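Student: This is run31.cif (mmCIF, C-alpha atoms).
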```cif
data_work
#
loop_
_atom_site.label_atom_id
_atom_site.label_comp_id
_atom_site.auth_asym_id
_atom_site.auth_seq_id
_atom_site.Cartn_x
_atom_site.Cartn_y
_atom_site.Cartn_z
CA MET A 1 -12.12 301.29 218.48
CA ASP A 2 -13.13 304.95 218.11
CA SER A 3 -11.03 305.20 214.93
CA ILE A 4 -12.80 302.17 213.43
CA LEU A 5 -16.19 303.70 214.23
CA GLU A 6 -15.17 307.02 212.71
CA ALA A 7 -14.01 305.23 209.56
CA VAL A 8 -17.30 303.39 209.22
CA ILE A 9 -19.38 306.52 209.83
CA GLY A 10 -17.24 308.48 207.40
CA SER A 11 -17.40 305.92 204.60
CA THR A 12 -21.04 304.81 204.70
CA SER A 13 -23.44 306.02 202.03
CA ASP A 14 -26.21 306.52 204.62
CA ALA A 15 -26.54 309.65 206.72
CA ILE A 16 -25.70 308.95 210.38
CA ILE A 17 -26.84 311.71 212.73
CA THR A 18 -26.85 311.90 216.51
CA ALA A 19 -28.73 314.39 218.66
CA ASP A 20 -29.04 315.15 222.38
CA ALA A 21 -32.14 315.17 224.55
CA GLU A 22 -33.00 318.65 223.28
CA GLY A 23 -33.00 317.40 219.70
CA LEU A 24 -29.85 319.35 218.83
CA VAL A 25 -27.42 317.81 216.35
CA VAL A 26 -24.29 316.38 217.92
CA THR A 27 -22.70 314.52 214.98
CA TRP A 28 -23.17 314.85 211.24
CA ASN A 29 -21.30 312.52 208.86
CA PRO A 30 -20.22 313.28 205.24
CA ALA A 31 -23.11 311.25 203.81
CA ALA A 32 -25.57 313.48 205.72
CA GLU A 33 -23.99 316.52 204.12
CA LYS A 34 -24.34 314.91 200.68
CA ILE A 35 -27.95 313.86 201.24
CA PHE A 36 -29.26 317.05 202.90
CA GLY A 37 -26.89 319.67 201.47
CA PHE A 38 -25.97 321.15 204.88
CA SER A 39 -22.35 321.16 205.97
CA GLN A 40 -21.32 319.93 209.41
CA GLU A 41 -20.62 323.52 210.53
CA GLU A 42 -24.14 324.56 209.53
CA VAL A 43 -26.00 321.91 211.53
CA LEU A 44 -23.95 321.10 214.64
CA GLY A 45 -25.86 322.45 217.63
CA GLN A 46 -28.90 323.16 215.45
CA PRO A 47 -32.31 321.45 215.99
CA MET A 48 -33.02 318.46 213.77
CA THR A 49 -36.16 320.25 212.57
CA LEU A 50 -33.77 322.17 210.32
CA PHE A 51 -33.94 319.36 207.76
CA MET A 52 -37.54 318.29 208.44
CA PRO A 53 -40.57 319.50 206.48
CA GLU A 54 -42.95 321.71 208.51
CA GLN A 55 -45.68 319.05 208.78
CA PHE A 56 -43.44 316.63 210.70
CA ARG A 57 -41.86 319.04 213.24
CA ALA A 58 -44.57 319.01 215.90
CA ALA A 59 -44.66 315.18 215.98
CA HIS A 60 -40.85 315.13 216.16
CA ASP A 61 -40.73 317.50 219.15
CA ALA A 62 -43.45 315.47 220.94
CA GLY A 63 -41.54 312.26 220.37
CA ILE A 64 -38.28 313.70 221.70
CA ALA A 65 -40.05 314.94 224.83
CA ARG A 66 -41.81 311.59 225.39
CA VAL A 67 -38.64 309.51 225.11
CA THR A 68 -36.65 311.94 227.24
CA SER A 69 -39.21 311.95 230.07
CA THR A 70 -40.39 308.32 230.02
CA GLY A 71 -37.73 306.40 228.07
CA LYS A 72 -40.56 304.83 226.08
CA THR A 73 -40.62 304.95 222.29
CA LYS A 74 -42.96 303.68 219.60
CA VAL A 75 -40.62 303.77 216.62
CA MET A 76 -37.19 302.80 217.84
CA GLY A 77 -35.63 299.90 215.93
CA GLN A 78 -38.00 300.30 212.95
CA ALA A 79 -37.31 301.57 209.44
CA LEU A 80 -39.76 304.45 208.88
CA PRO A 81 -40.64 305.98 205.53
CA LEU A 82 -40.52 309.77 205.91
CA ILE A 83 -39.79 312.95 203.98
CA GLY A 84 -36.54 314.89 204.27
CA LEU A 85 -35.95 318.58 203.59
CA HIS A 86 -32.91 319.56 201.51
CA LYS A 87 -31.02 322.77 202.07
CA ASP A 88 -32.26 324.12 198.73
CA GLY A 89 -35.87 323.63 199.88
CA HIS A 90 -36.98 320.54 197.94
CA GLU A 91 -38.40 317.55 199.74
CA PHE A 92 -37.39 313.94 199.05
CA PRO A 93 -38.31 310.49 200.38
CA ILE A 94 -36.10 308.96 203.10
CA GLU A 95 -36.02 305.83 205.22
CA LEU A 96 -35.18 306.45 208.90
CA SER A 97 -33.97 303.95 211.53
CA LEU A 98 -33.90 305.41 215.08
CA ALA A 99 -32.11 304.35 218.24
CA THR A 100 -31.69 305.94 221.70
CA TRP A 101 -29.32 305.46 224.64
CA GLU A 102 -28.19 307.16 227.87
CA MET A 103 -24.64 308.16 228.70
CA GLU A 104 -23.71 309.77 232.03
CA GLY A 105 -27.36 310.52 232.73
CA THR A 106 -27.94 312.20 229.38
CA ARG A 107 -30.17 310.72 226.68
CA TYR A 108 -29.01 310.69 223.08
CA PHE A 109 -30.65 309.74 219.80
CA SER A 110 -29.13 308.36 216.62
CA GLY A 111 -30.67 308.14 213.19
CA ILE A 112 -29.51 306.25 210.14
CA ILE A 113 -31.10 307.90 207.11
CA ARG A 114 -31.16 306.57 203.60
CA ASP A 115 -32.18 308.62 200.57
CA VAL A 116 -34.73 306.39 198.80
CA SER A 117 -35.52 308.81 195.99
CA GLU A 118 -34.14 306.50 193.33
CA ARG A 119 -35.86 303.49 194.85
CA GLU A 120 -39.14 305.37 195.08
CA LYS A 121 -38.74 306.46 191.50
CA LEU A 122 -38.08 302.90 190.36
CA THR A 123 -40.95 301.66 192.50
CA GLY A 124 -43.24 304.26 190.96
CA GLU A 125 -42.10 303.38 187.48
CA LEU A 126 -42.59 299.70 188.26
CA THR A 127 -46.07 300.43 189.61
CA GLN A 128 -46.91 302.45 186.52
CA SER A 129 -45.52 299.68 184.33
CA GLU A 130 -47.61 297.11 186.19
CA GLU A 131 -50.69 299.30 185.87
CA ARG A 132 -50.08 299.78 182.15
CA MET A 133 -49.54 296.05 181.75
CA ARG A 134 -52.70 295.34 183.72
CA ALA A 135 -54.65 297.80 181.56
CA ILE A 136 -53.27 296.22 178.37
CA MET A 137 -54.02 292.72 179.64
CA THR A 138 -57.54 293.71 180.63
CA SER A 139 -58.41 295.67 177.49
CA ALA A 140 -56.65 293.45 174.93
CA SER A 141 -58.96 291.76 172.44
CA ASP A 142 -56.62 288.76 172.21
CA THR A 143 -55.76 286.12 174.77
CA ILE A 144 -52.42 286.82 176.50
CA ILE A 145 -50.78 284.02 178.49
CA CYS A 146 -47.35 283.89 180.13
CA ALA A 147 -45.61 280.77 181.43
CA ASP A 148 -42.34 279.90 183.12
CA GLU A 149 -39.61 277.72 181.64
CA TYR A 150 -41.43 274.59 182.79
CA GLY A 151 -44.60 275.54 180.96
CA LYS A 152 -46.56 276.57 184.07
CA VAL A 153 -48.91 279.54 183.76
CA VAL A 154 -47.88 282.75 185.53
CA LEU A 155 -50.25 285.17 183.80
CA TRP A 156 -53.75 284.66 182.35
CA ASN A 157 -55.73 287.66 181.09
CA PRO A 158 -59.57 287.97 181.12
CA VAL A 159 -59.85 287.26 177.38
CA ALA A 160 -58.13 283.90 177.97
CA GLU A 161 -60.90 282.98 180.39
CA LYS A 162 -63.56 284.04 177.91
CA MET A 163 -61.92 282.21 174.98
CA LEU A 164 -60.78 279.00 176.69
CA GLY A 165 -63.22 278.67 179.59
CA HIS A 166 -60.61 278.43 182.38
CA SER A 167 -60.39 281.20 185.01
CA ALA A 168 -57.09 282.72 186.11
CA GLU A 169 -57.55 281.07 189.52
CA ASP A 170 -57.84 277.69 187.76
CA MET A 171 -54.76 278.17 185.60
CA ILE A 172 -52.10 280.12 187.53
CA GLY A 173 -49.41 277.60 188.45
CA GLU A 174 -50.94 274.91 186.25
CA PRO A 175 -49.22 273.44 183.12
CA LEU A 176 -50.18 274.77 179.71
CA THR A 177 -51.02 271.24 178.60
CA ALA A 178 -54.51 271.88 180.05
CA ILE A 179 -55.33 273.88 176.91
CA ILE A 180 -53.21 271.94 174.40
CA PRO A 181 -54.92 269.14 172.44
CA GLU A 182 -53.43 265.69 172.98
CA ARG A 183 -51.86 265.45 169.51
CA PHE A 184 -49.80 268.63 170.08
CA ARG A 185 -48.53 267.93 173.61
CA ASP A 186 -45.37 266.02 172.69
CA GLY A 187 -44.30 268.84 170.39
CA HIS A 188 -45.08 271.40 173.10
CA GLU A 189 -43.05 269.56 175.73
CA ALA A 190 -40.13 269.15 173.32
CA GLY A 191 -40.21 272.86 172.48
CA ILE A 192 -40.29 273.90 176.14
CA LYS A 193 -37.33 271.62 176.90
CA ARG A 194 -35.41 272.87 173.84
CA MET A 195 -35.73 276.51 174.88
CA ARG A 196 -34.97 275.68 178.52
CA MET A 197 -31.69 274.25 177.26
CA ASN A 198 -31.10 277.48 175.28
CA GLU A 199 -31.37 275.67 171.96
CA ASP A 200 -32.71 277.34 168.82
CA PRO A 201 -36.46 278.02 169.17
CA HIS A 202 -38.44 277.06 166.09
CA VAL A 203 -41.49 279.28 166.44
CA ILE A 204 -40.42 282.25 168.56
CA GLY A 205 -41.12 285.45 166.60
CA HIS A 206 -43.40 283.68 164.13
CA THR A 207 -47.17 283.42 163.89
CA VAL A 208 -48.46 279.87 163.57
CA GLU A 209 -51.92 278.36 163.22
CA LEU A 210 -52.81 275.67 165.74
CA PHE A 211 -55.72 274.42 167.82
CA ALA A 212 -56.43 275.10 171.50
CA GLY A 213 -58.54 272.96 173.80
CA HIS A 214 -61.55 274.59 175.48
CA LYS A 215 -62.51 273.67 179.04
CA ALA A 216 -65.75 272.22 177.64
CA GLY A 217 -63.75 269.74 175.55
CA HIS A 218 -64.02 271.15 172.03
CA GLU A 219 -61.13 272.54 170.00
CA ILE A 220 -60.74 276.10 168.73
CA PRO A 221 -58.65 277.11 165.70
CA ILE A 222 -56.16 279.74 166.86
CA GLU A 223 -53.35 281.96 165.61
CA LEU A 224 -50.41 281.95 168.04
CA SER A 225 -47.52 284.43 168.36
CA LEU A 226 -44.82 283.42 170.86
CA GLY A 227 -42.17 285.46 172.65
CA THR A 228 -39.56 284.66 175.29
CA TRP A 229 -37.39 286.61 177.72
CA LEU A 230 -34.98 286.09 180.63
CA THR A 231 -35.36 287.49 184.14
CA GLY A 232 -32.15 286.68 185.91
CA ASN A 233 -31.54 283.05 185.06
CA GLN A 234 -35.25 282.29 184.70
CA ARG A 235 -36.78 282.03 181.22
CA TYR A 236 -40.38 282.99 180.57
CA PHE A 237 -42.68 282.67 177.57
CA SER A 238 -45.55 284.80 176.38
CA GLY A 239 -48.22 283.82 173.90
CA ILE A 240 -50.71 286.07 172.13
CA ILE A 241 -53.59 283.92 170.95
CA ARG A 242 -56.33 284.93 168.53
CA ASP A 243 -59.49 282.91 167.93
CA ILE A 244 -59.70 282.47 164.14
CA THR A 245 -62.90 280.42 164.06
CA GLU A 246 -64.75 283.04 162.02
CA ARG A 247 -61.80 283.48 159.66
CA LYS A 248 -61.53 279.75 159.10
CA LYS A 249 -65.26 279.58 158.44
CA ALA A 250 -64.95 282.45 155.95
CA GLU A 251 -61.99 280.73 154.26
CA ALA A 252 -63.99 277.51 154.01
CA ASP A 253 -66.94 279.44 152.53
CA ILE A 254 -64.63 281.10 149.99
CA GLN A 255 -63.10 277.75 149.04
CA ALA A 256 -66.58 276.27 148.61
CA ALA A 257 -67.62 279.27 146.51
CA ASN A 258 -64.46 278.92 144.39
CA ARG A 259 -65.15 275.23 143.83
CA GLU A 260 -68.70 276.04 142.84
CA LEU A 261 -67.42 278.78 140.52
CA ASP A 262 -64.94 276.34 138.97
CA ASP A 263 -67.76 273.87 138.41
CA LYS A 264 -69.87 276.59 136.78
CA ASN A 265 -66.93 277.62 134.61
CA HIS A 266 -66.43 274.03 133.49
CA GLN A 267 -70.12 273.78 132.71
CA LEU A 268 -70.01 277.03 130.75
CA ASN A 269 -66.90 275.90 128.92
CA ASP A 270 -68.56 272.61 127.98
CA LEU A 271 -71.65 274.50 126.89
CA SER A 272 -69.64 276.95 124.80
CA VAL A 273 -67.85 274.06 123.08
CA LYS A 274 -71.20 272.54 122.22
CA LEU A 275 -72.63 275.88 121.03
CA ALA A 276 -69.56 276.41 118.86
CA LYS A 277 -70.69 273.48 116.72
CA TYR A 278 -73.82 275.42 115.74
CA LEU A 279 -71.93 278.58 114.75
CA SER A 280 -69.18 279.38 112.32
CA LYS A 281 -65.79 279.83 113.92
CA GLN A 282 -65.64 283.52 113.00
CA VAL A 283 -69.08 284.24 114.47
CA TYR A 284 -68.34 282.23 117.61
CA ASP A 285 -65.01 284.03 118.16
CA SER A 286 -66.48 287.49 117.56
CA ILE A 287 -69.34 286.88 120.00
CA PHE A 288 -67.27 285.33 122.81
CA SER A 289 -64.50 287.91 122.46
CA GLY A 290 -67.08 290.69 122.76
CA ARG A 291 -66.40 292.17 119.32
CA LYS A 292 -69.98 291.57 118.20
CA ASP A 293 -73.21 292.15 120.09
CA VAL A 294 -75.96 289.54 120.01
CA ARG A 295 -78.83 291.71 118.77
CA VAL A 296 -80.91 292.33 115.69
CA GLU A 297 -78.76 294.43 113.35
CA SER A 298 -77.57 294.40 109.73
CA TYR A 299 -75.48 296.45 107.31
CA ARG A 300 -74.46 296.57 103.65
CA LYS A 301 -71.08 295.13 102.70
CA ASN A 302 -69.23 293.89 99.63
CA LEU A 303 -68.85 290.12 100.10
CA THR A 304 -67.73 287.09 98.11
CA ILE A 305 -70.33 284.32 98.30
CA PHE A 306 -69.74 280.61 97.75
CA PHE A 307 -72.40 277.98 96.98
CA SER A 308 -71.93 274.26 96.38
CA ASP A 309 -74.07 271.15 96.11
CA ILE A 310 -73.71 267.50 95.06
CA GLN A 311 -75.06 266.74 91.60
CA GLY A 312 -77.76 264.01 91.64
CA PHE A 313 -77.78 263.79 95.42
CA THR A 314 -81.57 263.42 95.58
CA GLU A 315 -81.47 260.34 93.30
CA LEU A 316 -78.57 258.98 95.39
CA THR A 317 -80.74 258.99 98.52
CA ASP A 318 -83.33 256.73 96.87
CA HIS A 319 -81.11 253.64 96.53
CA MET A 320 -78.42 254.10 99.26
CA GLU A 321 -78.88 252.88 102.82
CA ALA A 322 -79.66 255.71 105.23
CA GLU A 323 -76.77 254.91 107.57
CA ILE A 324 -74.24 254.76 104.74
CA LEU A 325 -75.64 257.93 103.23
CA SER A 326 -75.50 259.75 106.56
CA ASN A 327 -71.90 258.72 107.15
CA LEU A 328 -70.92 259.75 103.64
CA LEU A 329 -72.69 263.14 103.89
CA ASN A 330 -71.30 263.92 107.35
CA GLN A 331 -67.78 263.06 106.28
CA TYR A 332 -68.13 265.21 103.18
CA LEU A 333 -69.55 268.21 105.11
CA GLY A 334 -66.89 267.83 107.81
CA GLU A 335 -64.05 267.86 105.28
CA MET A 336 -65.50 270.88 103.47
CA SER A 337 -65.99 272.77 106.75
CA ALA A 338 -62.38 272.21 107.75
CA ILE A 339 -61.19 273.61 104.42
CA ALA A 340 -63.53 276.61 104.77
CA GLU A 341 -62.11 277.43 108.19
CA GLU A 342 -58.57 277.01 106.87
CA PHE A 343 -59.16 279.74 104.26
CA GLY A 344 -61.13 282.05 106.58
CA GLY A 345 -64.61 281.51 105.17
CA THR A 346 -67.73 282.09 107.27
CA ILE A 347 -69.97 279.04 106.97
CA ASP A 348 -73.49 280.39 106.69
CA LYS A 349 -75.46 277.14 106.61
CA PHE A 350 -75.77 273.59 105.35
CA ILE A 351 -78.81 272.99 103.16
CA GLY A 352 -78.98 269.23 102.90
CA ASP A 353 -75.96 268.51 100.69
CA GLY A 354 -75.57 272.20 99.86
CA ILE A 355 -73.12 274.58 101.54
CA MET A 356 -73.28 278.37 101.73
CA ILE A 357 -70.10 280.22 102.69
CA PHE A 358 -69.13 283.88 102.46
CA PHE A 359 -65.96 285.95 102.84
CA GLY A 360 -65.65 289.53 104.13
CA ASP A 361 -67.55 289.40 107.41
CA PRO A 362 -67.19 289.36 110.37
CA ASP A 363 -63.46 289.37 109.43
CA SER A 364 -62.02 290.63 106.18
CA LEU A 365 -58.59 290.73 104.52
CA GLY A 366 -59.86 293.19 101.90
CA GLU A 367 -62.30 292.69 99.04
CA LYS A 368 -59.75 291.33 96.54
CA GLU A 369 -58.01 289.14 99.10
CA ASP A 370 -61.36 287.76 100.30
CA ALA A 371 -62.34 286.82 96.71
CA LEU A 372 -58.96 285.12 96.07
CA ALA A 373 -59.25 283.18 99.36
CA CYS A 374 -62.70 281.96 98.28
CA VAL A 375 -61.40 280.69 94.91
CA LYS A 376 -58.44 278.96 96.55
CA MET A 377 -60.86 277.34 99.00
CA ALA A 378 -63.03 276.07 96.11
CA LEU A 379 -60.01 274.53 94.36
CA ALA A 380 -58.93 272.84 97.61
CA MET A 381 -62.44 271.47 98.09
CA ARG A 382 -62.56 270.05 94.55
CA GLN A 383 -59.21 268.33 95.10
CA ARG A 384 -60.39 266.85 98.38
CA VAL A 385 -63.63 265.55 96.85
CA ARG A 386 -61.58 263.59 94.28
CA GLN A 387 -59.55 262.04 97.14
CA LEU A 388 -62.73 261.18 99.03
CA GLY A 389 -64.14 259.44 95.98
CA GLU A 390 -61.12 257.17 95.84
CA GLU A 391 -61.41 256.40 99.56
CA TRP A 392 -65.13 255.60 99.26
CA ILE A 393 -64.47 253.14 96.42
CA ASP A 394 -62.21 251.20 98.80
CA GLU A 395 -65.13 251.11 101.25
CA GLY A 396 -67.51 249.72 98.59
CA ILE A 397 -69.27 252.98 97.60
CA THR A 398 -69.10 252.99 93.83
CA GLU A 399 -71.12 256.13 93.18
CA GLN A 400 -68.88 259.06 92.34
CA LEU A 401 -69.81 262.45 93.81
CA HIS A 402 -69.75 265.44 91.51
CA VAL A 403 -69.74 268.77 93.34
CA ARG A 404 -70.98 271.94 91.64
CA ILE A 405 -69.58 275.28 92.85
CA GLY A 406 -70.67 278.86 92.28
CA ILE A 407 -68.83 282.03 93.40
CA ASN A 408 -69.99 285.65 93.18
CA THR A 409 -68.85 288.99 94.62
CA GLY A 410 -71.22 291.88 95.32
CA PHE A 411 -72.97 293.99 97.89
CA CYS A 412 -75.23 292.13 100.33
CA THR A 413 -76.99 292.86 103.56
CA VAL A 414 -75.25 290.96 106.35
CA GLY A 415 -75.99 290.71 110.06
CA ASN A 416 -78.32 289.19 112.63
CA PHE A 417 -81.83 288.54 111.35
CA GLY A 418 -84.80 287.31 113.34
CA SER A 419 -86.19 288.33 116.74
CA ASP A 420 -84.88 289.07 120.22
CA ASP A 421 -85.46 285.41 121.08
CA ARG A 422 -84.08 283.73 117.98
CA LEU A 423 -81.37 285.11 115.69
CA ASP A 424 -79.66 283.88 112.54
CA TYR A 425 -76.42 285.44 111.38
CA THR A 426 -76.64 285.35 107.56
CA ILE A 427 -76.65 287.39 104.35
CA VAL A 428 -79.50 288.42 102.04
CA GLY A 429 -79.56 290.10 98.64
CA GLY A 430 -79.67 289.50 94.93
CA GLN A 431 -75.93 288.89 94.66
#
```
Can you dump the structure from the file as C-alpha cells?

Tutor:
Amino acid sequence: MDSILEAVIGSTSDAIITADAEGLVVTWNPAAEKIFGFSQEEVLGQPMTLFMPEQFRAAHDAGIARVTSTGKTKVMGQALPLIGLHKDGHEFPIELSLATWEMEGTRYFSGIIRDVSEREKLTGELTQSEERMRAIMTSASDTIICADEYGKVVLWNPVAEKMLGHSAEDMIGEPLTAIIPERFRDGHEAGIKRMRMNEDPHVIGHTVELFAGHKAGHEIPIELSLGTWLTGNQRYFSGIIRDITERKKAEADIQAANRELDDKNHQLNDLSVKLAKYLSKQVYDSIFSGRKDVRVESYRKNLTIFFSDIQGFTELTDHMEAEILSNLLNQYLGEMSAIAEEFGGTIDKFIGDGIMIFFGDPDSLGEKEDALACVKMALAMRQRVRQLGEEWIDEGITEQLHVRIGINTGFCTVGNFGSDDRLDYTIVGGQ
C-alpha cells in the first residue's frame, strides 16, 4: 500500500507537502520541487514559511498554533487561492487544499498545491477579452446581435435596443423572429436549419439589405452582415445591423432628382428641336456646340451669296387658292432648304418666295470651294424645280414655276445683329 501511495505522490503534477505540528516540512514530492524550485534536501525540516510570501507568514503561524492546540480549523477541506514564493524570489498564484490528522499523539498537516499561473493568465486574458468585447458592444454605432444555432438571442447590445425597441432583458433567450418581418421568417428559419446541418450558408460573409421589425410595429430598412462560429459542437451566429433609413431616403431623393432631370432634359431636347427649325443648321450646330457665342458681334469676311425668287409669284397668288398656294410654297422651300444643307449653305432667310443663302460662315471650305459649292447647289435646285413642276402637273397645278437665281462673291459684314434681347444672324453689305 505504501508503494502505491509513493507512486501516486511521485507522479502527480500537484505539489504534495506534509508538515508536523511545528510547521516543519516532513515530505516534499517531485512536483513540489518543480513548482517551488526547492529540492527535497533544501526544505525537509525547514518551516513552510520558506516558500510563503512575507504577508502570509503570521497568519500561517497562527493557524498552525490554533489547530495544534484546539484541533479546530477554518480552512480544512477547502480549496484556497493563495500566493506561493518561488526559490528565485518571484511570487505566483496557487490553489491550496489543506488536511490535518493525528498519528501517535502528534498532529500533522498535508497540503495539495496546484500552480494556477496559467489558469490565472487565461482567466485574466478572458476577462480582458470580455471587457474589450463589452466596450466594443457598448460603444459600437451599429446593432450587434448574437444567437445560438436555434436562432435564440444570446447577446443584444445597447444600440439594438435603441434601434429595434426591445431591451436585452426582453430578448435574451428569445427567438430572432421577434424582429423579423413575417414575409422573411420562412427564409430565416430555412437558413438557420441549413447552417445547423452544416450545409452551405448563402449569406455568411456578405452584406445584404433587408428589413427589421421594430417593437412598435413598423419596419426599418437595414444592412445586415452575418458571421458564424463554433464553440465545441455548438454553432453561433452574429449579425451586425445598420439602420439605412437615411441612406434609402437619400437614394430615393436622388432617384427623384434624376427623374426630374431626365424630364427637363427631354423638355430641353424637344425645345432645341423646335428652335432648330428657326435657325440654319450651321448656326444651330455652332451655337449648341459652344463654338459661337450668342451676343452682338460682327466681322468682315469674303462670302459667296445666293439669291433666288419665283418669277411672277405675286400674280400667282391672285388666282390660286390660299391652301394650294401654301402647300406649293412650303414644298418648294422645303426642297430648296434640303439641297442647301446638302451643299453646306447657310440659309439666311426666306422672304416670301425668295431665299437668301450664303457660303463661308460659320463654316468654310475655302473661298474658291465655297463659291463652287454654291454654284453646284444652284444647279441642283434648278433640276429639282423642273421635277417639281412635273409632279405638280399630275396634281392639277398647271402653272409652271420659273426660278431666278443670282450668285455673287465679295466681302460682307457677317455676324449677330440686333440687341441683347433679339438677335439675327445675317450678312450686310453692297456685295

Student: Quick one: distance from CA of Gly345 in chain A to CA of Gln431 in chain A in Å, one decimal?

Tutor: 17.1 Å

Student: Since I can't run it myself right now, could you work out what the PyMOL selection byres ((chain A and resi 165) around 12) selects here and report it as a short mmCIF file (atom, residue, chain, number, x, y, z; two decimals) with C-alpha atoms, in the frame of the given file?

Tutor:
```cif
data_model
loop_
_atom_site.label_atom_id
_atom_site.label_comp_id
_atom_site.auth_asym_id
_atom_site.auth_seq_id
_atom_site.Cartn_x
_atom_site.Cartn_y
_atom_site.Cartn_z
CA THR A 143 -55.76 286.12 174.77
CA TRP A 156 -53.75 284.66 182.35
CA ASN A 157 -55.73 287.66 181.09
CA PRO A 158 -59.57 287.97 181.12
CA VAL A 159 -59.85 287.26 177.38
CA ALA A 160 -58.13 283.90 177.97
CA GLU A 161 -60.90 282.98 180.39
CA LYS A 162 -63.56 284.04 177.91
CA MET A 163 -61.92 282.21 174.98
CA LEU A 164 -60.78 279.00 176.69
CA HIS A 166 -60.61 278.43 182.38
CA SER A 167 -60.39 281.20 185.01
CA ALA A 168 -57.09 282.72 186.11
CA GLU A 169 -57.55 281.07 189.52
CA ASP A 170 -57.84 277.69 187.76
CA MET A 171 -54.76 278.17 185.60
CA ALA A 178 -54.51 271.88 180.05
CA ILE A 179 -55.33 273.88 176.91
CA ALA A 212 -56.43 275.10 171.50
CA GLY A 213 -58.54 272.96 173.80
CA HIS A 214 -61.55 274.59 175.48
CA LYS A 215 -62.51 273.67 179.04
CA ALA A 216 -65.75 272.22 177.64
CA GLY A 217 -63.75 269.74 175.55
CA HIS A 218 -64.02 271.15 172.03
CA GLU A 219 -61.13 272.54 170.00
CA ILE A 220 -60.74 276.10 168.73
#
```

Student: Within 7 Å of Phe51 in chain A, counting all atoms listed in the file, which residues qualify if same-chain residues fewer than 2 places away don't, as an MDAnalysis selection string?

Tutor: chainID A and resid 48:49 53 84:86

Student: When you draw a straight line from CA of Val25 in chain A to CA of Phe38 in chain A, how long is it in Å?

Tutor: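 For CA of Val25 in chain A relative to CA of Phe38 in chain A, the distance reads 12.0 Å.
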
Student: Which residues, written as a list in words, have at least one atom at most 9 Å from Gly354 in chain A, with all atoms listed in the file counted and residues fewer than 6 positions away on the same chain left out?

Tutor: Phe307, Ser308, Asp309, Ile310 and Leu333 of chain A

Student: Save out the residues we just selected, C-alpha atoms, as a PDB file, in the frame of the given file.

Tutor:
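Result went into result-v2.pdb, see below:
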```
ATOM      1  CA  PHE A 307     -72.400 277.980  96.980  1.00  0.00           C
ATOM      2  CA  SER A 308     -71.930 274.260  96.380  1.00  0.00           C
ATOM      3  CA  ASP A 309     -74.070 271.150  96.110  1.00  0.00           C
ATOM      4  CA  ILE A 310     -73.710 267.500  95.060  1.00  0.00           C
ATOM      5  CA  LEU A 333     -69.550 268.210 105.110  1.00  0.00           C
TER       6      LEU A 333
END
```

Student: For Phe343 in chain A, find every residue with an atom within 7 Å (counting all atoms listed in the file), except residues of its own chain fewer than 2 positions away, and show them as a list in words.

Tutor: Ile339, Ala340, Glu341, Gly345, Ala373 and Met377 of chain A

Student: Just say which residues the PyMOL selection byres ((chain A and resi 79) around 6) picks in this file, as a list in words.

Tutor: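 What the PyMOL selection byres ((chain A and resi 79) around 6) grabs from the file is Gln78, Leu80, Leu96 and Ser97 of chain A.
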
Student: So that I can see what lies close to Val43 in chain A, please list as a list of chain:residue names the residues with an atom at most 12 Å from it, counting only C-alpha atoms and leaving out residues fewer than 4 positions away in the same chain.

Tutor: A:Ile17, A:Thr18, A:Ala19, A:Gly23, A:Leu24, A:Val25, A:Val26, A:Thr27, A:Trp28, A:Asn29, A:Ala32, A:Glu33, A:Phe36, A:Gly37, A:Phe38, A:Ser39, A:Pro47, A:Met48, A:Thr49, A:Leu50, A:Phe51, A:Lys87

Student: Just checking: using all atoms listed in the file, which residue out of A:Phe109, A:Tyr332, A:Phe211, A:Phe184 ends up closest to Arg242 in chain A?

Tutor: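 The answer is A:Phe211, which sits nearest to Arg242 in chain A.
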
Student: Evaluate the PyMOL selection byres ((chain A and resi 416) around 7) on the structure here and hand back the selected residues as a ChimeraX atom specification.

Tutor: /A:295-298,415,417-418,423-426

Student: Between CA of Gln331 in chain A and CA of Gly389 in chain A, what is the spacing in Å?

Tutor: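 CA of Gln331 in chain A lies 11.5 Å from CA of Gly389 in chain A.
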
Student: Rank A:Gly352, A:Gly334, A:Glu391, A:Arg196 by their smallest atom-to-atom distance to Thr317 in chain A, using all atoms listed in the file, and report the top residue only.

Tutor: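 Among the listed residues, A:Gly352 lies closest to Thr317 in chain A.
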
Student: Complete the atoms of range 191-197 of chain A to N, CA, C and O atoms and put them out as a tab-separated table (two decimals), in the coordinates of the input.

Tutor:
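What follows is the written file selection_20.tsv:
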```tsv
chain	number	residue	atom	x	y	z
A	191	GLY	N	-40.57	271.46	172.69
A	191	GLY	CA	-40.21	272.86	172.48
A	191	GLY	C	-39.83	273.56	173.77
A	191	GLY	O	-38.85	274.32	173.82
A	192	ILE	N	-40.60	273.32	174.84
A	192	ILE	CA	-40.29	273.90	176.14
A	192	ILE	C	-38.91	273.44	176.60
A	192	ILE	O	-38.07	274.24	177.06
A	193	LYS	N	-38.63	272.16	176.48
A	193	LYS	CA	-37.33	271.62	176.90
A	193	LYS	C	-36.20	272.20	176.06
A	193	LYS	O	-35.14	272.56	176.59
A	194	ARG	N	-36.44	272.34	174.73
A	194	ARG	CA	-35.41	272.87	173.84
A	194	ARG	C	-35.03	274.30	174.23
A	194	ARG	O	-33.85	274.65	174.28
A	195	MET	N	-36.02	275.12	174.52
A	195	MET	CA	-35.73	276.51	174.88
A	195	MET	C	-35.17	276.61	176.29
A	195	MET	O	-34.39	277.51	176.58
A	196	ARG	N	-35.56	275.69	177.18
A	196	ARG	CA	-34.97	275.68	178.52
A	196	ARG	C	-33.48	275.37	178.46
A	196	ARG	O	-32.70	275.84	179.29
A	197	MET	N	-33.10	274.59	177.45
A	197	MET	CA	-31.69	274.25	177.26
A	197	MET	C	-30.97	275.26	176.38
A	197	MET	O	-29.85	275.04	175.93
```
